[in-house]
Each structure stands twice: as structure tokens, then as C-alpha cells.
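J.: Sharing query23.cif below, mmCIF, C-alpha atoms and all ligand atoms:
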data_work
loop_
_atom_site.label_atom_id
_atom_site.label_comp_id
_atom_site.auth_asym_id
_atom_site.auth_seq_id
_atom_site.Cartn_x
_atom_site.Cartn_y
_atom_site.Cartn_z
CA MET A 1 0.00 0.00 0.00
CA PRO A 2 1.49 3.46 -0.90
CA ARG A 3 2.69 5.44 2.10
CA SER A 4 0.50 8.46 1.35
CA TYR A 5 -2.59 6.24 1.30
CA VAL A 6 -1.71 4.76 4.70
CA HIS A 7 -1.14 8.25 6.06
CA GLU A 8 -4.51 9.43 4.71
CA ALA A 9 -6.27 6.38 6.17
CA ARG A 10 -4.71 6.97 9.59
CA LYS A 11 -5.76 10.62 9.49
CA ARG A 12 -9.29 9.64 8.53
CA VAL A 13 -9.84 7.37 11.53
CA GLY A 14 -8.03 9.54 14.08
CA PRO A 15 -5.48 8.78 16.81
CA LYS A 16 -5.39 5.27 18.26
CA LYS A 17 -5.75 6.61 21.83
CA GLN A 18 -9.21 7.88 20.92
CA ARG A 19 -10.19 4.76 18.97
CA ILE A 20 -9.20 2.07 21.46
CA GLY A 21 -12.18 2.67 23.80
CA PRO A 22 -14.87 2.39 21.09
CA ILE A 23 -13.04 -0.55 19.49
CA ILE A 24 -13.16 -2.52 22.77
CA ASP A 25 -16.74 -1.45 23.56
CA ARG A 26 -18.13 -2.46 20.18
CA LEU A 27 -16.31 -5.79 20.04
CA ALA A 28 -17.48 -6.55 23.59
CA VAL A 29 -21.11 -6.00 22.51
CA GLU A 30 -20.55 -8.16 19.42
CA TYR A 31 -18.81 -11.03 21.23
CA THR A 32 -20.38 -11.20 24.68
CA ASP A 33 -19.14 -14.77 25.14
CA ALA A 34 -15.56 -14.20 23.91
CA ALA A 35 -13.42 -16.41 26.11
CA ILE A 36 -10.62 -18.92 26.00
CA ALA A 37 -11.57 -21.91 23.83
CA LEU A 38 -9.55 -24.46 25.82
CA ARG A 39 -11.55 -26.65 28.22
CA PHE A 40 -10.27 -27.08 31.77
CA ARG A 41 -11.61 -27.46 35.30
CA SER A 42 -8.64 -26.40 37.41
CA PRO A 43 -5.51 -24.23 37.25
CA LEU A 44 -3.43 -27.37 36.63
CA GLU A 45 -5.63 -28.43 33.70
CA LEU A 46 -5.46 -24.85 32.36
CA LEU A 47 -1.67 -24.82 32.52
CA VAL A 48 -1.37 -28.21 30.80
CA SER A 49 -3.89 -27.23 28.08
CA VAL A 50 -2.07 -24.00 27.31
CA MET A 51 1.28 -25.79 27.18
CA LEU A 52 -0.17 -28.38 24.78
CA SER A 53 -1.72 -25.69 22.57
CA ALA A 54 1.66 -24.51 21.25
CA GLN A 55 1.84 -25.08 17.48
CA THR A 56 -1.63 -26.63 17.29
CA THR A 57 -5.29 -25.63 17.52
CA ASP A 58 -7.39 -25.38 20.66
CA VAL A 59 -9.84 -27.83 19.07
CA ASN A 60 -7.07 -30.38 18.77
CA VAL A 61 -6.07 -29.92 22.41
CA ASN A 62 -9.69 -30.24 23.56
CA ARG A 63 -9.89 -33.60 21.81
CA VAL A 64 -6.95 -34.96 23.80
CA THR A 65 -7.48 -33.46 27.25
CA PRO A 66 -10.64 -35.21 28.53
CA ALA A 67 -8.91 -38.62 28.61
CA LEU A 68 -5.61 -37.03 29.66
CA PHE A 69 -7.13 -35.27 32.65
CA GLU A 70 -8.91 -38.43 33.74
CA LYS A 71 -5.57 -40.19 33.91
CA TYR A 72 -3.34 -37.36 35.19
CA ARG A 73 -4.99 -35.55 38.08
CA THR A 74 -2.01 -34.23 40.06
CA PRO A 75 1.53 -33.06 39.22
CA GLU A 76 2.80 -36.35 40.68
CA ASP A 77 0.72 -38.33 38.16
CA TYR A 78 2.71 -36.84 35.27
CA LEU A 79 5.94 -38.06 36.87
CA ALA A 80 4.61 -41.50 37.82
CA VAL A 81 4.70 -42.80 34.24
CA PRO A 82 7.66 -43.13 31.85
CA GLN A 83 8.06 -40.12 29.54
CA GLU A 84 7.25 -42.33 26.53
CA GLU A 85 3.81 -43.09 27.97
CA LEU A 86 3.05 -39.40 28.44
CA GLU A 87 4.29 -38.77 24.89
CA ARG A 88 1.79 -41.32 23.58
CA ASP A 89 -1.02 -39.71 25.56
CA ILE A 90 -0.38 -36.25 24.08
CA PHE A 91 0.80 -37.43 20.67
CA PRO A 92 -2.05 -35.83 18.59
CA THR A 93 -1.08 -32.34 19.78
CA GLY A 94 2.27 -32.56 17.94
CA PHE A 95 5.79 -31.86 19.21
CA TYR A 96 4.98 -34.53 21.76
CA HIS A 97 8.58 -35.18 22.77
CA GLN A 98 9.35 -31.57 23.71
CA LYS A 99 5.90 -31.10 25.25
CA ALA A 100 6.17 -34.22 27.42
CA LYS A 101 9.61 -33.12 28.58
CA ALA A 102 8.35 -29.61 29.38
CA LEU A 103 5.30 -31.00 31.20
CA ARG A 104 7.43 -33.27 33.36
CA GLY A 105 9.90 -30.47 34.16
CA THR A 106 7.03 -28.17 35.04
CA MET A 107 5.38 -30.76 37.30
CA GLN A 108 8.69 -31.33 39.07
CA MET A 109 9.06 -27.62 39.75
CA LEU A 110 5.43 -27.26 40.84
CA ILE A 111 6.03 -29.94 43.45
CA GLU A 112 9.41 -28.66 44.61
CA ASP A 113 8.88 -24.89 44.54
CA PHE A 114 5.13 -24.25 44.64
CA ASP A 115 3.66 -26.92 46.93
CA GLY A 116 2.06 -28.58 43.92
CA GLU A 117 -0.03 -25.47 43.11
CA VAL A 118 0.00 -23.47 39.87
CA PRO A 119 1.33 -19.97 40.59
CA THR A 120 -0.76 -17.04 39.37
CA ARG A 121 1.95 -14.42 38.85
CA LEU A 122 3.58 -14.11 35.45
CA GLU A 123 7.10 -13.83 36.89
CA GLU A 124 6.61 -17.19 38.65
CA LEU A 125 4.89 -18.87 35.73
CA VAL A 126 7.73 -18.11 33.33
CA ARG A 127 10.16 -19.91 35.65
CA LEU A 128 8.43 -23.19 34.79
CA PRO A 129 10.24 -25.19 32.08
CA GLY A 130 8.58 -24.73 28.70
CA VAL A 131 6.41 -21.85 29.89
CA ALA A 132 7.23 -18.80 27.80
CA ARG A 133 5.76 -15.34 28.23
CA LYS A 134 2.78 -16.04 25.96
CA THR A 135 1.79 -19.20 27.87
CA GLY A 136 2.34 -17.43 31.18
CA ASN A 137 0.20 -14.49 30.05
CA VAL A 138 -2.69 -16.75 29.06
CA VAL A 139 -2.58 -18.64 32.37
CA ALA A 140 -2.21 -15.48 34.50
CA ALA A 141 -5.11 -13.80 32.67
CA GLU A 142 -7.39 -16.81 33.16
CA LEU A 143 -6.48 -17.03 36.82
CA GLY A 144 -7.52 -13.41 37.22
CA GLU A 145 -4.16 -11.68 37.30
CA PRO A 146 -3.31 -10.49 33.78
CA GLU A 147 0.11 -8.85 33.81
CA GLY A 148 0.42 -8.48 30.08
CA ILE A 149 -1.54 -8.88 26.86
CA VAL A 150 -1.49 -12.16 24.98
CA VAL A 151 -0.25 -11.67 21.41
CA ASP A 152 -1.07 -14.59 19.12
CA THR A 153 -1.36 -14.58 15.34
CA HIS A 154 -4.85 -12.97 15.38
CA VAL A 155 -3.92 -10.29 17.93
CA ARG A 156 -0.83 -9.47 15.92
CA ARG A 157 -2.68 -9.22 12.58
CA LEU A 158 -5.61 -7.20 13.92
CA SER A 159 -3.42 -4.84 15.96
CA GLN A 160 -1.48 -4.07 12.80
CA ARG A 161 -4.55 -3.66 10.60
CA LEU A 162 -6.21 -1.45 13.19
CA GLY A 163 -3.09 0.73 13.32
CA LEU A 164 -2.52 0.01 17.03
CA THR A 165 1.10 -0.95 16.37
CA ARG A 166 3.67 -0.79 13.59
CA GLN A 167 5.76 -3.58 15.10
CA GLU A 168 6.21 -7.13 13.82
CA ASP A 169 7.74 -8.74 16.89
CA PRO A 170 5.12 -10.03 19.40
CA VAL A 171 7.05 -8.68 22.41
CA LYS A 172 7.14 -5.18 20.89
CA ILE A 173 3.48 -5.43 19.85
CA GLU A 174 2.59 -6.35 23.43
CA ARG A 175 4.56 -3.33 24.67
CA ASP A 176 2.55 -1.03 22.38
CA LEU A 177 -0.76 -2.59 23.43
CA ILE A 178 0.06 -2.35 27.14
CA ARG A 179 0.55 1.40 26.72
CA LEU A 180 -2.74 1.73 24.88
CA VAL A 181 -5.27 -0.71 26.33
CA PRO A 182 -6.71 0.11 29.80
CA ARG A 183 -5.39 -2.36 32.37
CA ALA A 184 -8.88 -3.54 33.27
CA ASP A 185 -9.22 -4.83 29.69
CA TRP A 186 -5.89 -6.67 29.40
CA GLY A 187 -7.56 -10.03 30.00
CA ARG A 188 -10.50 -9.77 27.59
CA PHE A 189 -8.84 -7.67 24.85
CA PRO A 190 -7.01 -10.60 23.18
CA HIS A 191 -10.16 -12.75 23.26
CA LEU A 192 -12.12 -9.99 21.51
CA LEU A 193 -9.49 -9.66 18.78
CA ILE A 194 -9.19 -13.44 18.39
CA TRP A 195 -12.95 -13.87 17.96
CA HIS A 196 -13.13 -10.95 15.53
CA GLY A 197 -10.11 -12.33 13.68
CA ARG A 198 -11.70 -15.76 13.31
CA ARG A 199 -15.11 -14.53 12.21
CA VAL A 200 -14.70 -11.22 10.38
CA CYS A 201 -11.16 -9.89 10.09
CA ILE A 202 -9.97 -13.11 8.49
CA ALA A 203 -6.31 -13.32 7.48
CA ARG A 204 -6.74 -13.77 3.73
CA ARG A 205 -9.96 -11.93 3.08
CA PRO A 206 -11.19 -9.54 5.79
CA ARG A 207 -14.96 -9.00 5.63
CA CYS A 208 -14.78 -5.22 6.08
CA ASP A 209 -18.39 -4.76 4.93
CA ASP A 210 -19.61 -6.76 7.94
CA CYS A 211 -17.16 -5.26 10.43
CA VAL A 212 -18.58 -3.30 13.37
CA ILE A 213 -15.38 -1.27 13.70
CA ASN A 214 -14.76 -0.48 10.04
CA ASP A 215 -15.10 3.27 10.61
CA LEU A 216 -12.32 3.01 13.24
CA CYS A 217 -9.95 0.98 11.07
CA PRO A 218 -7.34 2.51 8.76
CA SER A 219 -7.19 -0.75 6.76
CA SER A 220 -10.92 -0.82 6.03
CA ARG A 221 -11.77 -1.57 2.41
CA VAL A 222 -15.26 -0.10 2.78
S1 LIG B 301 -12.36 -2.97 8.75
FE1 LIG B 301 -11.58 -4.79 7.73
S2 LIG B 301 -9.38 -4.81 8.16
FE2 LIG B 301 -10.34 -3.41 9.62
S3 LIG B 301 -10.77 -4.66 11.44
FE3 LIG B 301 -12.60 -4.68 10.18
S4 LIG B 301 -12.43 -6.50 8.90
FE4 LIG B 301 -10.38 -6.06 9.74
#
Take the structure in the file and write it out as C-alpha cells.
T.:
Amino acid sequence: MPRSYVHEARKRVGPKKQRIGPIIDRLAVEYTDAAIALRFRSPLELLVSVMLSAQTTDVNVNRVTPALFEKYRTPEDYLAVPQEELERDIFPTGFYHQKAKALRGTMQMLIEDFDGEVPTRLEELVRLPGVARKTGNVVAAELGEPEGIVVDTHVRRLSQRLGLTRQEDPVKIERDLIRLVPRADWGRFPHLLIWHGRRVCIARRPRCDDCVINDLCPSSRV
């Protein structure tokens, strides 16, 4: 897209500081049930689900976890079987060798350093083996203590299209969003963008005609 066109489009919609409120409000009305798609019943199940969701879909993880969580109910359960058995149990989620290793390392640390409980603070979560900032952010947000904003492929694409960031790197995108999005919305903001990204602002062909925020978006084709 020519630079002058981008500049014009940005001018047309106004500064992002003024747009972020209406963007969140309208998406929240549109997607009242926007929430994490992974199914879990406890902080431990949440942590395991999020770890398994790396490089695969939430649907895929949800197919595996009912039987998994019947068999593995405590951190000790994950260490009571040989790693190969755990690998077989999570095989359909892909990268099963690395994931099984990370799960076992995490369970070990939960037992040794956290009394078998899943910590809620991001700085503690990222100490767990195989738990990067994104995973930690998802878990902390679900446990009620968001300390950052989850940036996945949808959040990244929509933030760029909406002119909320010019960055490519997820860490830098998160930094821009943290400055912009009110803290009270850090938890739900990614869910709203993910739902909008799956239904309307689709990667290949955004449906700008049907978009409730098209007048606030510099990339609108309407
Ligand atoms: S107007 Fe188009 S590009 Fe902008 S958020 Fe809506 S669907 Fe996406």
C-alpha cells in the first residue's frame, strides 16, 4: 500500500488513543461470550492445556485433554509414568517429545517450589520449564491476574490492521498494546481480537463490509 494512502487512512480514523475505547466497547457488545476456547476445570488443567496448545489448535487440544485429565490428576501423576507413555497420551497435539519433557519439568518444579499449586503471577509462571511469556500471560489472565496482553497470530494481525502498532515482533506489539489498552481490559482484549479475527477480520480476506469497527480501522476496504 502506498505510504500516502496509509497516512490518509490513519488521518481519517483519528489517533489510536481515541479509537481504542470504542473498538473494545463495540467488540465486547458483538462477542459477549468471547473467552478462552480451551476446556479445563482447574488451574493445573489450564496450565497443561495452554502448554499443549503450542503449534496446534485449541480444538485439537480439547480432543486430547478429557482422557488425559482423567488419567493425570495431580503433578505427581505426570511423573509417575515413563516419559514415553506421556508422549503417547499427548501425541495428537504434535511436538509430543518436547511437550512431554516440558510438562514433566514443570510438574517437578510445581512440586518442589510451589507446593504442587499453579502460581498465578507471570514472573513465577515463566520460571516453569517450557512456559514462555505467551503461555504465562494466558494462564495469569485466566487465573484473574493479567500482567500483560497475549499476542497470538490474530492479535498481531488485527493490531497491525487497526493501526494500534507498527511492530512485527510479538514482544514489541505487546509493549505497544500495554501502553494503549486500559489495564482492566488486558484479559479480555485478546479474546475480543481473536474472535473478531476468526469470524470477520480473516487473514486472507477480511470482511470489512460486515465489520462493526470499520469506521475506526485505517485498513478498512469499505
Ligand atoms: S475494517 Fe476490515 S481490516 Fe479493519 S478490522 Fe474490520 S475487517 Fe479487519
J.: Would you name the residues within 6 Å of ligand LIG 301 (chain B), counting only C-alpha atoms and all ligand atoms, and put them as a VMD selection string?
T.: chain A and resid 161 to 162 200 to 201 206 to 208 211 213 to 214 217 219 to 220
J.: Which residues, protein or nucleic acid, reach to within 10 Å of (-15.9, -2.0, 29.4) in the file's coordinates when using all atoms listed in the file, and can you give that as an NGL selection string?
T.: :A and (21-22 or 24-26 or 28-29 or 182 or 184-185 or 188)
J.: Find the residues with any atom within 10 Å of (-3.0, 3.9, 16.6); use all atoms listed in the file and the coordinates as given in the file, and write the answer as a list in words.
T.: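 Applying the cut-off with all atoms listed in the file, one gets Arg10, Val13, Gly14, Pro15, Lys16, Lys17, Gln18, Arg19, Ile20, Ser159, Gln160, Arg161, Leu162, Gly163, Leu164, Thr165, Arg166, Asp176, Leu177, Leu180, Leu216, Cys217 and Pro218 of chain A.
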J.: I'd like the contact shell of region 34-42 of chain A - 12 Å cut-off, only C-alpha atoms, skipping same-chain residues fewer than 2 positions apart - returned as a PDB file with C-alpha atoms, in the frame of the given file.
T.:
ATOM      1  CA  ILE A  24     -13.160  -2.520  22.770  1.00  0.00           C
ATOM      2  CA  LEU A  27     -16.310  -5.790  20.040  1.00  0.00           C
ATOM      3  CA  ALA A  28     -17.480  -6.550  23.590  1.00  0.00           C
ATOM      4  CA  VAL A  29     -21.110  -6.000  22.510  1.00  0.00           C
ATOM      5  CA  GLU A  30     -20.550  -8.160  19.420  1.00  0.00           C
ATOM      6  CA  TYR A  31     -18.810 -11.030  21.230  1.00  0.00           C
ATOM      7  CA  THR A  32     -20.380 -11.200  24.680  1.00  0.00           C
ATOM      8  CA  LEU A  44      -3.430 -27.370  36.630  1.00  0.00           C
ATOM      9  CA  GLU A  45      -5.630 -28.430  33.700  1.00  0.00           C
ATOM     10  CA  LEU A  46      -5.460 -24.850  32.360  1.00  0.00           C
ATOM     11  CA  LEU A  47      -1.670 -24.820  32.520  1.00  0.00           C
ATOM     12  CA  VAL A  48      -1.370 -28.210  30.800  1.00  0.00           C
ATOM     13  CA  SER A  49      -3.890 -27.230  28.080  1.00  0.00           C
ATOM     14  CA  VAL A  50      -2.070 -24.000  27.310  1.00  0.00           C
ATOM     15  CA  MET A  51       1.280 -25.790  27.180  1.00  0.00           C
ATOM     16  CA  LEU A  52      -0.170 -28.380  24.780  1.00  0.00           C
ATOM     17  CA  SER A  53      -1.720 -25.690  22.570  1.00  0.00           C
ATOM     18  CA  THR A  56      -1.630 -26.630  17.290  1.00  0.00           C
ATOM     19  CA  THR A  57      -5.290 -25.630  17.520  1.00  0.00           C
ATOM     20  CA  ASP A  58      -7.390 -25.380  20.660  1.00  0.00           C
ATOM     21  CA  VAL A  59      -9.840 -27.830  19.070  1.00  0.00           C
ATOM     22  CA  ASN A  60      -7.070 -30.380  18.770  1.00  0.00           C
ATOM     23  CA  VAL A  61      -6.070 -29.920  22.410  1.00  0.00           C
ATOM     24  CA  ASN A  62      -9.690 -30.240  23.560  1.00  0.00           C
ATOM     25  CA  ARG A  63      -9.890 -33.600  21.810  1.00  0.00           C
ATOM     26  CA  VAL A  64      -6.950 -34.960  23.800  1.00  0.00           C
ATOM     27  CA  THR A  65      -7.480 -33.460  27.250  1.00  0.00           C
ATOM     28  CA  PRO A  66     -10.640 -35.210  28.530  1.00  0.00           C
ATOM     29  CA  LEU A  68      -5.610 -37.030  29.660  1.00  0.00           C
ATOM     30  CA  PHE A  69      -7.130 -35.270  32.650  1.00  0.00           C
ATOM     31  CA  GLU A  70      -8.910 -38.430  33.740  1.00  0.00           C
ATOM     32  CA  ARG A  73      -4.990 -35.550  38.080  1.00  0.00           C
ATOM     33  CA  THR A  74      -2.010 -34.230  40.060  1.00  0.00           C
ATOM     34  CA  GLU A 117      -0.030 -25.470  43.110  1.00  0.00           C
ATOM     35  CA  VAL A 118       0.000 -23.470  39.870  1.00  0.00           C
ATOM     36  CA  VAL A 138      -2.690 -16.750  29.060  1.00  0.00           C
ATOM     37  CA  VAL A 139      -2.580 -18.640  32.370  1.00  0.00           C
ATOM     38  CA  ALA A 141      -5.110 -13.800  32.670  1.00  0.00           C
ATOM     39  CA  GLU A 142      -7.390 -16.810  33.160  1.00  0.00           C
ATOM     40  CA  LEU A 143      -6.480 -17.030  36.820  1.00  0.00           C
ATOM     41  CA  VAL A 150      -1.490 -12.160  24.980  1.00  0.00           C
ATOM     42  CA  GLY A 187      -7.560 -10.030  30.000  1.00  0.00           C
ATOM     43  CA  ARG A 188     -10.500  -9.770  27.590  1.00  0.00           C
ATOM     44  CA  PHE A 189      -8.840  -7.670  24.850  1.00  0.00           C
ATOM     45  CA  PRO A 190      -7.010 -10.600  23.180  1.00  0.00           C
ATOM     46  CA  HIS A 191     -10.160 -12.750  23.260  1.00  0.00           C
ATOM     47  CA  LEU A 192     -12.120  -9.990  21.510  1.00  0.00           C
ATOM     48  CA  LEU A 193      -9.490  -9.660  18.780  1.00  0.00           C
ATOM     49  CA  ILE A 194      -9.190 -13.440  18.390  1.00  0.00           C
ATOM     50  CA  TRP A 195     -12.950 -13.870  17.960  1.00  0.00           C
ATOM     51  CA  HIS A 196     -13.130 -10.950  15.530  1.00  0.00           C
ATOM     52  CA  GLY A 197     -10.110 -12.330  13.680  1.00  0.00           C
ATOM     53  CA  ARG A 198     -11.700 -15.760  13.310  1.00  0.00           C
ATOM     54  CA  ARG A 199     -15.110 -14.530  12.210  1.00  0.00           C
TER      55      ARG A 199
END
J.: So what do you get for CA of Asp89 (chain A) versus CA of Arg104 (chain A), distance-wise?
T.: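 So the two atoms, CA of Asp89 (chain A) and CA of Arg104 (chain A), lie 13.2 Å apart.
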J.: Quick check, in Å to one decimal: how far apart do CA of Gln108 (chain A) and CA of Leu79 (chain A) lie?
T.: 7.6 Å
J.: Counting only C-alpha atoms, which of A:Pro75, A:Pro92, A:Gly105, A:Pro170 gets nearest to Gly130 (chain A)?
T.: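 Closest candidate: A:Gly105.
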J.: Of the candidates A:Lys71, A:Glu76, A:Met107, A:Pro43, which shows the shortest atom-to-atom distance to Thr120 (chain A), using only C-alpha atoms?
T.: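 Comparing A:Lys71, A:Glu76, A:Met107, A:Pro43 against Thr120 (chain A), the winner is A:Pro43.
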J.: Calculate how many Å separate CA of Ala100 (chain A) from CA of Tyr78 (chain A), rounding to one decimal.
T.: 9.0 Å
J.: Taking 6 positions as the minimum chain separation for residues in the same chain, which residues sit within 10 Å of Arg133 (chain A) when counting all atoms listed in the file? Answer as a ChimeraX atom specification.
T.: /A:122-123,125-127,139,148-151,171
J.: Could you dump the residues just selected with C-alpha atoms as a compact mmCIF listing (two decimals), in the coordinates of the input?
T.:
# COMPACT_ATOMS: atom_id res chain seq x y z
CA LEU A 122 3.58 -14.11 35.45
CA GLU A 123 7.10 -13.83 36.89
CA LEU A 125 4.89 -18.87 35.73
CA VAL A 126 7.73 -18.11 33.33
CA ARG A 127 10.16 -19.91 35.65
CA VAL A 139 -2.58 -18.64 32.37
CA GLY A 148 0.42 -8.48 30.08
CA ILE A 149 -1.54 -8.88 26.86
CA VAL A 150 -1.49 -12.16 24.98
CA VAL A 151 -0.25 -11.67 21.41
CA VAL A 171 7.05 -8.68 22.41
J.: Nearest to Ala132 (chain A) among A:Asp210, A:Ile111, A:Ala102, A:Arg156, with distances taken over only C-alpha atoms: which residue is it?
T.: A:Ala102
J.: Taking all listed atoms of region 70-76 of chain A, build the axis-aligned box, pad each of the six sides by 5 Å, then write its centre and edge lengths in Å to one decimal as JSON.
T.:
{"center_x": -3.1, "center_y": -36.6, "center_z": 37.2, "size_x": 21.7, "size_y": 17.1, "size_z": 16.9}
J.: From the list A:Gln83, A:Gln167, A:Thr153, A:Asn137, which residue is nearest Tyr96 (chain A) when using all atoms listed in the file?
T.: A:Gln83
